[in-house]
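Colleague: Contents are mmCIF, C-alpha atoms; file name final-v8.cif:
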```cif
data_upload
loop_
_atom_site.group_PDB
_atom_site.id
_atom_site.type_symbol
_atom_site.label_atom_id
_atom_site.label_comp_id
_atom_site.auth_asym_id
_atom_site.auth_seq_id
_atom_site.Cartn_x
_atom_site.Cartn_y
_atom_site.Cartn_z
ATOM 1 C CA MET A 18 -41.685 -106.924 -57.488
ATOM 2 C CA GLN A 19 -43.286 -104.557 -59.983
ATOM 3 C CA ALA A 20 -44.023 -107.458 -62.334
ATOM 4 C CA PHE A 21 -45.563 -109.542 -59.542
ATOM 5 C CA VAL A 22 -47.661 -106.802 -57.966
ATOM 6 C CA ASN A 23 -49.027 -105.639 -61.321
ATOM 7 C CA ALA A 24 -49.478 -109.087 -62.906
ATOM 8 C CA HIS A 25 -53.187 -109.037 -61.995
ATOM 9 C CA GLU A 26 -55.407 -106.265 -60.678
ATOM 10 C CA TRP A 27 -56.615 -108.519 -57.844
ATOM 11 C CA ILE A 28 -53.110 -108.821 -56.363
ATOM 12 C CA TRP A 29 -52.997 -105.107 -55.581
ATOM 13 C CA SER A 30 -56.541 -105.201 -54.123
ATOM 14 C CA VAL A 31 -55.671 -108.191 -51.886
ATOM 15 C CA LEU A 32 -52.513 -106.443 -50.647
ATOM 16 C CA GLN A 33 -54.719 -103.443 -49.802
ATOM 17 C CA MET A 34 -57.108 -105.691 -47.843
ATOM 18 C CA ILE A 35 -54.186 -107.134 -45.858
ATOM 19 C CA HIS A 36 -52.990 -103.573 -45.187
ATOM 20 C CA TYR A 37 -56.455 -102.677 -43.793
ATOM 21 C CA VAL A 38 -56.576 -105.824 -41.640
ATOM 22 C CA GLY A 39 -53.186 -104.850 -40.179
ATOM 23 C CA MET A 40 -54.463 -101.332 -39.508
ATOM 24 C CA SER A 41 -57.554 -102.719 -37.741
ATOM 25 C CA LEU A 42 -55.429 -104.963 -35.507
ATOM 26 C CA ILE A 43 -53.218 -102.011 -34.530
ATOM 27 C CA VAL A 44 -56.199 -99.704 -33.882
ATOM 28 C CA GLY A 45 -58.138 -102.370 -31.965
ATOM 29 C CA VAL A 46 -55.332 -103.654 -29.758
ATOM 30 C CA ILE A 47 -53.086 -100.605 -29.294
ATOM 31 C CA GLY A 48 -56.045 -98.185 -29.217
ATOM 32 C CA THR A 49 -57.811 -100.196 -26.496
ATOM 33 C CA LEU A 50 -54.590 -100.587 -24.477
ATOM 34 C CA ASP A 51 -53.873 -96.836 -24.759
ATOM 35 C CA LEU A 52 -57.398 -95.965 -23.610
ATOM 36 C CA ARG A 53 -57.060 -98.337 -20.618
ATOM 37 C CA ILE A 54 -53.744 -96.695 -19.665
ATOM 38 C CA LEU A 55 -55.480 -93.307 -19.969
ATOM 39 C CA GLY A 56 -58.110 -94.461 -17.464
ATOM 40 C CA MET A 57 -60.993 -96.100 -19.348
ATOM 41 C CA PHE A 58 -62.168 -99.693 -18.655
ATOM 42 C CA ARG A 59 -60.499 -99.604 -15.248
ATOM 43 C CA SER A 60 -61.951 -102.959 -14.209
ATOM 44 C CA ILE A 61 -59.460 -104.592 -16.606
ATOM 45 C CA PRO A 62 -55.904 -105.010 -15.231
ATOM 46 C CA ILE A 63 -53.492 -103.477 -17.774
ATOM 47 C CA ALA A 64 -51.327 -106.625 -17.951
ATOM 48 C CA ALA A 65 -54.408 -108.576 -19.120
ATOM 49 C CA PHE A 66 -54.040 -106.897 -22.538
ATOM 50 C CA ARG A 67 -50.492 -108.188 -22.949
ATOM 51 C CA PRO A 68 -51.321 -111.421 -24.845
ATOM 52 C CA LEU A 69 -53.109 -109.281 -27.471
ATOM 53 C CA VAL A 70 -50.031 -107.186 -28.266
ATOM 54 C CA PRO A 71 -48.438 -109.830 -30.564
ATOM 55 C CA TRP A 72 -51.582 -109.552 -32.752
ATOM 56 C CA ALA A 73 -50.890 -105.839 -33.223
ATOM 57 C CA VAL A 74 -47.194 -106.561 -33.867
ATOM 58 C CA GLY A 75 -48.266 -109.150 -36.462
ATOM 59 C CA GLY A 76 -50.507 -106.505 -38.048
ATOM 60 C CA PHE A 77 -47.600 -104.082 -38.084
ATOM 61 C CA PHE A 78 -45.247 -106.491 -39.859
ATOM 62 C CA GLY A 79 -47.997 -107.448 -42.319
ATOM 63 C CA ASN A 80 -48.328 -103.751 -43.096
ATOM 64 C CA LEU A 81 -44.583 -103.222 -43.323
ATOM 65 C CA LEU A 82 -44.395 -106.049 -45.872
ATOM 66 C CA THR A 83 -47.447 -104.976 -47.909
ATOM 67 C CA GLY A 84 -46.286 -101.340 -47.635
ATOM 68 C CA ILE A 85 -42.879 -102.238 -49.102
ATOM 69 C CA MET A 86 -44.704 -104.092 -51.888
ATOM 70 C CA PHE A 87 -46.784 -100.973 -52.671
ATOM 71 C CA VAL A 88 -43.737 -98.700 -52.815
ATOM 72 C CA THR A 89 -41.492 -101.020 -54.828
ATOM 73 C CA GLY A 90 -44.337 -102.361 -56.975
ATOM 74 C CA LYS A 91 -46.141 -99.152 -57.985
ATOM 75 C CA ASP A 92 -46.431 -99.045 -61.774
ATOM 76 C CA ALA A 93 -45.590 -95.323 -61.785
ATOM 77 C CA GLY A 94 -42.364 -96.125 -59.865
ATOM 78 C CA PRO A 95 -41.448 -95.691 -56.172
ATOM 79 C CA SER A 96 -41.202 -91.910 -56.589
ATOM 80 C CA TYR A 97 -45.025 -91.858 -56.664
ATOM 81 C CA TYR A 98 -44.735 -92.451 -52.924
ATOM 82 C CA THR A 99 -41.332 -91.055 -51.994
ATOM 83 C CA ASP A 100 -42.113 -87.660 -53.579
ATOM 84 C CA ASN A 101 -45.558 -87.581 -51.943
ATOM 85 C CA LEU A 102 -45.753 -85.266 -48.915
ATOM 86 C CA SER A 103 -48.535 -87.351 -47.313
ATOM 87 C CA PHE A 104 -46.360 -90.479 -47.568
ATOM 88 C CA ARG A 105 -43.388 -88.665 -46.042
ATOM 89 C CA LEU A 106 -45.525 -87.369 -43.162
ATOM 90 C CA LYS A 107 -46.928 -90.859 -42.624
ATOM 91 C CA MET A 108 -43.348 -92.158 -42.260
ATOM 92 C CA VAL A 109 -42.504 -89.296 -39.860
ATOM 93 C CA PHE A 110 -45.424 -90.169 -37.575
ATOM 94 C CA LEU A 111 -44.605 -93.894 -37.785
ATOM 95 C CA LEU A 112 -41.139 -92.946 -36.532
ATOM 96 C CA VAL A 113 -42.706 -90.812 -33.772
ATOM 97 C CA ALA A 114 -44.890 -93.780 -32.724
ATOM 98 C CA PHE A 115 -41.828 -96.057 -32.764
ATOM 99 C CA ILE A 116 -39.644 -93.700 -30.667
ATOM 100 C CA ASN A 117 -42.571 -93.265 -28.270
ATOM 101 C CA LEU A 118 -42.782 -97.066 -27.912
ATOM 102 C CA LEU A 119 -38.988 -97.330 -27.393
ATOM 103 C CA ILE A 120 -39.169 -94.757 -24.584
ATOM 104 C CA PHE A 121 -41.963 -96.797 -22.994
ATOM 105 C CA GLN A 122 -40.024 -100.063 -23.242
ATOM 106 C CA LEU A 123 -36.486 -98.913 -22.449
ATOM 107 C CA SER A 124 -37.460 -96.889 -19.375
ATOM 108 C CA HIS A 125 -38.959 -98.705 -16.397
ATOM 109 C CA LEU A 126 -42.311 -97.341 -17.443
ATOM 110 C CA GLU A 127 -43.535 -100.487 -19.188
ATOM 111 C CA LYS A 128 -42.899 -102.641 -16.123
ATOM 112 C CA ARG A 129 -44.626 -100.160 -13.806
ATOM 113 C CA THR A 130 -47.559 -99.798 -16.198
ATOM 114 C CA TYR A 131 -48.156 -103.542 -16.501
ATOM 115 C CA ALA A 132 -48.111 -103.762 -12.685
ATOM 116 C CA THR A 133 -51.278 -101.606 -12.549
ATOM 117 C CA PRO A 134 -54.022 -103.785 -11.031
ATOM 118 C CA ALA A 135 -57.727 -103.835 -11.910
ATOM 119 C CA GLY A 136 -59.228 -100.511 -10.822
ATOM 120 C CA GLY A 137 -55.770 -98.922 -10.617
ATOM 121 C CA SER A 138 -54.392 -95.863 -12.365
ATOM 122 C CA ALA A 139 -51.327 -96.055 -14.646
ATOM 123 C CA PRO A 140 -48.286 -93.787 -13.986
ATOM 124 C CA ALA A 141 -48.752 -90.239 -15.324
ATOM 125 C CA ALA A 142 -45.792 -90.674 -17.695
ATOM 126 C CA ALA A 143 -47.449 -93.760 -19.190
ATOM 127 C CA LYS A 144 -50.603 -91.721 -19.802
ATOM 128 C CA ALA A 145 -48.513 -89.184 -21.720
ATOM 129 C CA VAL A 146 -46.971 -92.000 -23.806
ATOM 130 C CA SER A 147 -50.449 -93.404 -24.547
ATOM 131 C CA ALA A 148 -51.875 -90.015 -25.542
ATOM 132 C CA PHE A 149 -48.878 -89.543 -27.851
ATOM 133 C CA SER A 150 -49.398 -93.023 -29.277
ATOM 134 C CA LEU A 151 -53.078 -92.393 -30.070
ATOM 135 C CA VAL A 152 -52.326 -89.101 -31.819
ATOM 136 C CA ALA A 153 -49.333 -90.531 -33.735
ATOM 137 C CA TRP A 154 -51.311 -93.549 -35.042
ATOM 138 C CA LEU A 155 -54.273 -91.333 -35.959
ATOM 139 C CA LEU A 156 -51.925 -89.158 -38.027
ATOM 140 C CA VAL A 157 -50.345 -92.264 -39.602
ATOM 141 C CA ILE A 158 -53.829 -93.272 -40.794
ATOM 142 C CA PHE A 159 -54.698 -89.710 -41.831
ATOM 143 C CA PHE A 160 -51.625 -89.247 -44.005
ATOM 144 C CA GLY A 161 -51.957 -92.814 -45.275
ATOM 145 C CA ARG A 162 -55.369 -91.891 -46.629
ATOM 146 C CA THR A 163 -54.389 -88.465 -47.990
ATOM 147 C CA MET A 164 -51.577 -89.949 -50.168
ATOM 148 C CA GLN A 165 -54.194 -90.473 -52.879
ATOM 149 C CA TYR A 166 -55.506 -86.915 -52.395
ATOM 150 C CA ASN A 167 -52.142 -85.253 -51.806
ATOM 151 C CA ASP A 168 -53.196 -82.154 -53.795
ATOM 152 C CA THR A 169 -55.727 -81.218 -51.104
ATOM 153 C CA LEU A 170 -52.954 -81.375 -48.489
ATOM 154 C CA LEU A 171 -50.579 -79.266 -50.596
ATOM 155 C CA LEU A 172 -53.366 -76.719 -51.197
ATOM 156 C CA PHE A 173 -54.200 -76.645 -47.483
ATOM 157 C CA LEU A 174 -50.536 -75.976 -46.619
ATOM 158 C CA GLY A 175 -50.277 -73.381 -49.403
ATOM 159 C CA LEU A 176 -47.542 -75.397 -51.175
ATOM 160 C CA MET B 22 -83.972 -90.143 -55.003
ATOM 161 C CA LEU B 23 -80.295 -90.766 -55.866
ATOM 162 C CA ASP B 24 -80.334 -87.585 -57.963
ATOM 163 C CA TYR B 25 -81.760 -85.671 -55.039
ATOM 164 C CA LEU B 26 -79.055 -86.935 -52.676
ATOM 165 C CA GLN B 27 -76.267 -86.335 -55.139
ATOM 166 C CA ASN B 28 -77.419 -82.743 -55.755
ATOM 167 C CA LEU B 29 -77.454 -81.768 -52.086
ATOM 168 C CA ALA B 30 -75.019 -78.986 -51.221
ATOM 169 C CA LEU B 31 -73.322 -81.337 -48.725
ATOM 170 C CA ALA B 32 -72.831 -83.978 -51.441
ATOM 171 C CA GLU B 33 -71.384 -81.387 -53.786
ATOM 172 C CA TRP B 34 -69.005 -80.194 -51.047
ATOM 173 C CA VAL B 35 -67.761 -83.704 -50.154
ATOM 174 C CA ARG B 36 -67.320 -84.549 -53.854
ATOM 175 C CA SER B 37 -65.701 -81.439 -55.271
ATOM 176 C CA SER B 38 -64.399 -79.141 -52.565
ATOM 177 C CA PRO B 39 -60.617 -78.790 -52.830
ATOM 178 C CA SER B 40 -60.542 -78.472 -49.031
ATOM 179 C CA LEU B 41 -58.452 -80.976 -47.072
ATOM 180 C CA PHE B 42 -61.469 -81.314 -44.773
ATOM 181 C CA ALA B 43 -63.834 -82.474 -47.520
ATOM 182 C CA TYR B 44 -63.301 -85.839 -49.240
ATOM 183 C CA SER B 45 -59.856 -86.557 -47.701
ATOM 184 C CA THR B 46 -60.945 -86.062 -44.108
ATOM 185 C CA VAL B 47 -64.305 -87.813 -44.478
ATOM 186 C CA LEU B 48 -62.511 -90.782 -46.049
ATOM 187 C CA THR B 49 -59.939 -90.790 -43.230
ATOM 188 C CA ALA B 50 -62.736 -90.726 -40.642
ATOM 189 C CA HIS B 51 -64.274 -93.732 -42.406
ATOM 190 C CA GLY B 52 -60.913 -95.545 -42.222
ATOM 191 C CA VAL B 53 -60.491 -94.761 -38.513
ATOM 192 C CA GLY B 54 -64.062 -95.911 -37.812
ATOM 193 C CA LEU B 55 -63.343 -99.135 -39.718
ATOM 194 C CA GLY B 56 -60.226 -99.693 -37.603
ATOM 195 C CA ILE B 57 -62.220 -99.161 -34.391
ATOM 196 C CA VAL B 58 -65.210 -101.345 -35.353
ATOM 197 C CA VAL B 59 -63.205 -104.218 -36.850
ATOM 198 C CA GLY B 60 -60.315 -103.948 -34.376
ATOM 199 C CA VAL B 61 -62.362 -103.772 -31.171
ATOM 200 C CA ASN B 62 -64.737 -106.518 -32.340
ATOM 201 C CA THR B 63 -61.592 -108.582 -33.034
ATOM 202 C CA VAL B 64 -60.311 -107.953 -29.494
ATOM 203 C CA ILE B 65 -63.689 -109.039 -28.039
ATOM 204 C CA ALA B 66 -63.821 -112.159 -30.249
ATOM 205 C CA LEU B 67 -60.210 -113.143 -29.491
ATOM 206 C CA ARG B 68 -60.915 -112.946 -25.749
ATOM 207 C CA LEU B 69 -64.011 -115.121 -26.149
ATOM 208 C CA LEU B 70 -61.922 -117.599 -28.156
ATOM 209 C CA GLY B 71 -59.335 -117.899 -25.406
ATOM 210 C CA VAL B 72 -56.714 -115.174 -26.005
ATOM 211 C CA ALA B 73 -55.944 -112.817 -23.062
ATOM 212 C CA ARG B 74 -57.932 -114.836 -20.530
ATOM 213 C CA ASP B 75 -57.017 -112.386 -17.747
ATOM 214 C CA ILE B 76 -59.459 -109.832 -19.203
ATOM 215 C CA PRO B 77 -62.559 -110.263 -16.992
ATOM 216 C CA LEU B 78 -65.518 -111.263 -19.177
ATOM 217 C CA ALA B 79 -67.839 -108.863 -17.332
ATOM 218 C CA ALA B 80 -65.496 -105.993 -18.238
ATOM 219 C CA LEU B 81 -65.149 -107.135 -21.862
ATOM 220 C CA ARG B 82 -68.698 -106.018 -22.611
ATOM 221 C CA ARG B 83 -67.706 -102.408 -21.880
ATOM 222 C CA LEU B 84 -65.540 -102.394 -24.993
ATOM 223 C CA TYR B 85 -68.768 -102.306 -27.041
ATOM 224 C CA GLY B 86 -68.911 -98.599 -26.142
ATOM 225 C CA MET B 87 -65.936 -98.107 -28.469
ATOM 226 C CA VAL B 88 -67.583 -100.229 -31.171
ATOM 227 C CA TRP B 89 -70.595 -97.895 -31.045
ATOM 228 C CA ILE B 90 -68.379 -94.814 -31.344
ATOM 229 C CA GLY B 91 -66.660 -96.344 -34.392
ATOM 230 C CA PHE B 92 -70.020 -97.352 -35.849
ATOM 231 C CA PHE B 93 -71.402 -93.829 -35.434
ATOM 232 C CA ILE B 94 -68.302 -92.269 -37.050
ATOM 233 C CA ASN B 95 -68.781 -94.598 -40.016
ATOM 234 C CA LEU B 96 -72.519 -94.091 -40.246
ATOM 235 C CA VAL B 97 -72.006 -90.319 -40.579
ATOM 236 C CA SER B 98 -68.904 -90.459 -42.798
ATOM 237 C CA GLY B 99 -70.430 -93.324 -44.819
ATOM 238 C CA LEU B 100 -73.603 -91.351 -45.510
ATOM 239 C CA MET B 101 -71.492 -88.387 -46.630
ATOM 240 C CA LEU B 102 -69.407 -90.582 -48.943
ATOM 241 C CA PHE B 103 -72.553 -92.259 -50.274
ATOM 242 C CA ILE B 104 -74.449 -89.084 -51.187
ATOM 243 C CA ALA B 105 -71.311 -87.665 -52.841
ATOM 244 C CA GLU B 106 -71.475 -90.469 -55.422
ATOM 245 C CA ALA B 107 -74.941 -91.915 -54.879
ATOM 246 C CA HIS B 108 -75.423 -93.318 -58.394
ATOM 247 C CA THR B 109 -71.981 -94.949 -58.563
ATOM 248 C CA MET B 110 -72.245 -96.454 -55.074
ATOM 249 C CA ALA B 111 -75.827 -97.723 -55.480
ATOM 250 C CA ALA B 112 -74.794 -99.571 -58.658
ATOM 251 C CA MET B 113 -71.997 -101.481 -56.891
ATOM 252 C CA VAL B 114 -72.540 -105.090 -55.833
ATOM 253 C CA ALA B 115 -69.639 -104.823 -53.362
ATOM 254 C CA PHE B 116 -71.276 -101.832 -51.633
ATOM 255 C CA TRP B 117 -74.522 -103.731 -50.918
ATOM 256 C CA ALA B 118 -72.551 -106.800 -49.857
ATOM 257 C CA LYS B 119 -70.632 -104.620 -47.423
ATOM 258 C CA LEU B 120 -73.839 -103.153 -45.940
ATOM 259 C CA LEU B 121 -75.196 -106.700 -45.555
ATOM 260 C CA PHE B 122 -72.094 -107.885 -43.652
ATOM 261 C CA VAL B 123 -72.103 -104.752 -41.455
ATOM 262 C CA ALA B 124 -75.784 -105.378 -40.605
ATOM 263 C CA LEU B 125 -75.054 -109.061 -39.878
ATOM 264 C CA GLY B 126 -72.078 -108.043 -37.715
ATOM 265 C CA MET B 127 -74.316 -105.750 -35.650
ATOM 266 C CA VAL B 128 -76.937 -108.515 -35.321
ATOM 267 C CA VAL B 129 -74.251 -110.946 -34.101
ATOM 268 C CA ALA B 130 -73.091 -108.340 -31.532
ATOM 269 C CA GLU B 131 -76.691 -108.078 -30.275
ATOM 270 C CA LEU B 132 -76.981 -111.901 -30.157
ATOM 271 C CA LEU B 133 -73.741 -112.058 -28.153
ATOM 272 C CA LYS B 134 -75.225 -109.604 -25.667
ATOM 273 C CA ARG B 135 -78.488 -111.534 -25.372
ATOM 274 C CA PHE B 136 -77.282 -115.108 -25.467
ATOM 275 C CA TYR B 137 -73.876 -114.826 -23.853
ATOM 276 C CA PHE B 138 -73.189 -111.631 -21.879
ATOM 277 C CA LYS B 139 -76.603 -111.803 -20.152
ATOM 278 C CA ASP B 140 -75.738 -115.322 -18.961
ATOM 279 C CA LEU B 141 -74.227 -113.815 -15.803
ATOM 280 C CA ALA B 142 -73.520 -117.186 -14.178
ATOM 281 C CA SER B 143 -71.116 -118.119 -17.004
ATOM 282 C CA VAL B 144 -69.687 -114.605 -17.383
ATOM 283 C CA GLN B 145 -68.882 -114.280 -13.700
ATOM 284 C CA ALA B 146 -67.458 -117.807 -13.514
ATOM 285 C CA GLY B 147 -65.110 -116.906 -16.397
ATOM 286 C CA VAL B 148 -66.660 -119.539 -18.651
ATOM 287 C CA VAL B 149 -67.149 -118.905 -22.375
ATOM 288 C CA THR B 150 -70.065 -121.077 -23.468
ATOM 289 C CA ARG B 151 -70.257 -122.807 -26.840
ATOM 290 C CA VAL B 152 -72.806 -120.183 -27.943
ATOM 291 C CA GLY B 153 -70.344 -117.443 -26.994
ATOM 292 C CA ARG B 154 -67.504 -119.072 -28.941
ATOM 293 C CA ASN B 155 -69.625 -119.723 -32.039
ATOM 294 C CA LEU B 156 -70.939 -116.164 -32.072
ATOM 295 C CA ALA B 157 -67.358 -114.863 -31.687
ATOM 296 C CA ILE B 158 -66.336 -116.815 -34.815
ATOM 297 C CA LEU B 159 -69.409 -115.508 -36.692
ATOM 298 C CA SER B 160 -68.571 -111.962 -35.593
ATOM 299 C CA LEU B 161 -65.026 -112.248 -36.978
ATOM 300 C CA GLY B 162 -66.430 -113.630 -40.241
ATOM 301 C CA CYS B 163 -68.938 -110.784 -40.663
ATOM 302 C CA TRP B 164 -66.488 -107.974 -39.889
ATOM 303 C CA TYR B 165 -63.656 -109.240 -42.066
ATOM 304 C CA LEU B 166 -66.063 -109.926 -44.959
ATOM 305 C CA ALA B 167 -67.392 -106.360 -44.506
ATOM 306 C CA LEU B 168 -63.798 -105.074 -44.661
ATOM 307 C CA ILE B 169 -63.068 -107.086 -47.815
ATOM 308 C CA ALA B 170 -66.321 -106.007 -49.526
ATOM 309 C CA GLY B 171 -65.671 -102.384 -48.525
ATOM 310 C CA ARG B 172 -62.202 -102.490 -50.062
ATOM 311 C CA LEU B 173 -63.674 -103.984 -53.240
ATOM 312 C CA THR B 174 -65.841 -100.861 -53.722
ATOM 313 C CA ALA B 175 -62.587 -99.218 -54.866
ATOM 314 C CA TYR B 176 -62.403 -101.737 -57.771
ATOM 315 C CA PRO B 177 -65.897 -101.788 -59.347
ATOM 316 C CA ASP B 178 -64.690 -102.817 -62.829
ATOM 317 C CA MET B 179 -62.742 -105.761 -61.441
ATOM 318 C CA VAL B 180 -65.735 -106.974 -59.404
ATOM 319 C CA ASN B 181 -68.095 -106.578 -62.392
ATOM 320 C CA GLY B 182 -65.614 -108.582 -64.465
ATOM 321 C CA TRP B 183 -65.718 -111.439 -61.935
ATOM 322 C CA LEU B 184 -69.514 -111.404 -61.975
ATOM 323 C CA HIS B 185 -69.663 -111.087 -65.776
ATOM 324 C CA LEU B 186 -71.637 -107.845 -65.445
ATOM 325 C CA SER B 187 -71.512 -105.064 -67.990
ATOM 326 C CA GLY B 188 -68.798 -102.504 -67.506
ATOM 327 C CA GLY B 189 -66.436 -105.136 -66.172
ATOM 328 C CA SER B 190 -62.806 -105.587 -67.052
ATOM 329 C CA THR B 191 -61.484 -109.018 -67.914
#
```
Hey, can you dump this file as structure tokens for me?

Modeller:
Amino acid sequence: MQAFVNAHEWIWSVLQMIHYVGMSLIVGVIGTLDLRILGMFRSIPIAAFRPLVPWAVGGFFGNLLTGIMFVTGKDAGPSYYTDNLSFRLKMVFLLVAFINLLIFQLSHLEKRTYATPAGGSAPAAAKAVSAFSLVAWLLVIFFGRTMQYNDTLLLFLGL
Amino acid sequence: MLDYLQNLALAEWVRSSPSLFAYSTVLTAHGVGLGIVVGVNTVIALRLLGVARDIPLAALRRLYGMVWIGFFINLVSGLMLFIAEAHTMAAMVAFWAKLLFVALGMVVAELLKRFYFKDLASVQAGVVTRVGRNLAILSLGCWYLALIAGRLTAYPDMVNGWLHLSGGST
């Protein structure tokens, strides 16, 4: 993997572009759905967003794949990432977002939420899940960006 | 002019402050804004191209409110990032290409409003006209080219090498 990823400088830059496209799909689809559940754009029935979700899932798997390529392909070795506090926090908040999603899907909440008609209000518990989701994904992006500037995070935390 | 911008106290702070809230946070804000602008424009375009047909077309236009929020975040954070390294940024081909695609993307959004969303007969009948579909495809093209050009600003030597400009790597 290291040989492939570092064979040409453009390979790394293209993987980065794919990673940003995946991020945009997640922000656009999941962010909009979360805001609708929280009460914006009420004229749209929540279930109407459903066919867009696979686009966000596709973005997620694209990012999982490119992310694995970054970690295993980094010329300085995987420890560049695994020893990086920003990277670790990014993984923590990815896990938080994932558990949050599991709670939404495994409880009856998802079914009740998608039954919300145009103009209707989602269940209060679903609003909590959506608020959590927005914050978790924002922190995933934040710590994704601070990986490169990890020193400023360590300084901020007094570490 | 570039010297003036780069010597502003704000530019100096963004560039050299060791604070987590300086360069790191401004860059994160720019990433979040990118996600909002590109992502929400993608959602709008996908709907116009036939995905998620249950989203009422009249309601779709409201999503532009989010696009504007993302655009504003990136205008402010982008200006801060630009003045921090005004000379370096102004010398980059990829930076100007990105600005061009962002401007074109905003023009296409305005054209969509004028030539599709104001066509209330079609919008209320749930019909996406050919103009609407073509503009949706153009919108996707502009925003993803802006994303690609923006990413390339992180690799100025590589881009200069492609264009056979001085300072390029081969």

Colleague: Mind checking which residues fall within 12 Å of B:Asp140, counting all atoms listed in the file, ignoring those fewer than 4 positions away in the same chain, and posting them as a VMD selection string?

Modeller: chain B and resid 78 to 79 132 to 136 144 to 150 152 to 153

Colleague: As JSON, numbers by chain, please: the residues near A:Ser60 (cut-off 10 Å, all atoms listed in the file, same-chain neighbours under 3 positions excluded).

Modeller: {"A": [53, 56, 57, 63, 134, 135, 136, 137], "B": [76, 77, 79, 80, 81, 83]}

Colleague: Taking only C-alpha atoms into account, find every residue of chain B that has an atom no more than 10 Å from chain A, and write it out as an NGL selection string.

Modeller: :B and (38-46 or 48-50 or 52-65 or 67-68 or 72-84 or 87-88 or 165 or 168-173 or 175-176 or 179-180 or 190-191)

Colleague: Considering all atoms listed in the file, return as a count of residues only whatever protein or nucleic-acid residues lie within 9 Å of stretch 117-123 of chain A, sequence-local ones (same chain, fewer than 5 positions apart) excluded.

Modeller: 8

Colleague: Quick check, in Å to one decimal: how far apart do atom CA of B:Leu102 and atom CA of B:Leu120 lie?

Modeller: 13.7 Å

Colleague: Do you have the atom CA of A:Met86-atom CA of A:His36 distance handy?

Modeller: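 Taking atom CA of A:Met86 as the start and atom CA of A:His36 as the end point, the length is 10.7 Å.
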
Colleague: Could you state the separation of atom CA of B:Glu33 and atom CA of B:Phe103 in Å, given to one decimal place?

Modeller: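 Calculated distance between atom CA of B:Glu33 and atom CA of B:Phe103 is 11.5 Å.
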
Colleague: Give the answer as one residue: which of B:Ala66, B:Val47, B:Val129, B:Val123 has the shortest atom-to-atom distance to B:Val35, using all atoms listed in the file?

Modeller: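 Of B:Ala66, B:Val47, B:Val129, B:Val123, the one nearest B:Val35, counting all atoms listed in the file, is B:Val47.
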
Colleague: Padding of 6 Å on every side, edges along x, y and z, all listed atoms of stretch 81-88 of chain B included: what centre and edge lengths in Å, to one decimal, does that box have, as AutoDock Vina command-line options?

Modeller:
```
--center_x -67.0 --center_y -102.6 --center_z -26.5 --size_x 15.8 --size_y 21.0 --size_z 21.3
```

Colleague: Expanded to explicit residues, what is the PyMOL selection byres ((chain A and resi 98) around 12) for this file, as a PyMOL selection string?

Modeller: chain A and resi 84-97+99-108+160-161+163-165+167

Colleague: Go through A:Leu32, A:Ala20, A:Leu50, A:Ala153 and flag the residue nearest A:Ile116, using only C-alpha atoms for the distances.

Modeller: A:Ala153

Colleague: Exactly which residues make up the result of the PyMOL selection byres ((chain B and resi 105) around 10) on this file, given as a list of chain:residue names?

Modeller: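 Taken over the shown coordinates, the PyMOL selection byres ((chain B and resi 105) around 10) returns B:Leu23, B:Leu26, B:Gln27, B:Asn28, B:Leu29, B:Ala30, B:Leu31, B:Ala32, B:Glu33, B:Trp34, B:Val35, B:Arg36, B:Ser37, B:Tyr44, B:Gly99, B:Leu100, B:Met101, B:Leu102, B:Phe103, B:Ile104, B:Glu106, B:Ala107, B:His108, B:Thr109, B:Met110.
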
Colleague: What would stretch 93-102 of chain B look like if you wrote it out as a short mmCIF file (atom, residue, chain, number, x, y, z; two decimals), in the first residue's frame, with N, CA and C atoms included, from the block I just posted?

Modeller:
```cif
data_model
loop_
_atom_site.label_atom_id
_atom_site.label_comp_id
_atom_site.auth_asym_id
_atom_site.auth_seq_id
_atom_site.Cartn_x
_atom_site.Cartn_y
_atom_site.Cartn_z
N PHE B 93 -21.23 31.96 3.19
CA PHE B 93 -20.78 33.05 4.06
C PHE B 93 -19.63 32.59 4.97
N ILE B 94 -19.78 31.39 5.54
CA ILE B 94 -18.70 30.83 6.38
C ILE B 94 -17.40 30.79 5.57
N ASN B 95 -17.50 30.36 4.31
CA ASN B 95 -16.29 30.23 3.50
C ASN B 95 -15.76 31.54 2.95
N LEU B 96 -16.66 32.51 2.80
CA LEU B 96 -16.20 33.83 2.38
C LEU B 96 -15.33 34.42 3.50
N VAL B 97 -15.83 34.36 4.74
CA VAL B 97 -15.09 34.91 5.87
C VAL B 97 -13.81 34.11 6.14
N SER B 98 -13.95 32.78 6.26
CA SER B 98 -12.76 31.97 6.56
C SER B 98 -11.77 32.02 5.38
N GLY B 99 -12.31 32.06 4.15
CA GLY B 99 -11.44 32.12 2.97
C GLY B 99 -10.64 33.41 2.91
N LEU B 100 -11.30 34.53 3.26
CA LEU B 100 -10.57 35.81 3.29
C LEU B 100 -9.46 35.77 4.33
N MET B 101 -9.76 35.17 5.49
CA MET B 101 -8.76 35.08 6.55
C MET B 101 -7.58 34.22 6.11
N LEU B 102 -7.88 33.09 5.45
CA LEU B 102 -6.80 32.21 4.98
C LEU B 102 -6.01 32.89 3.86
#
```
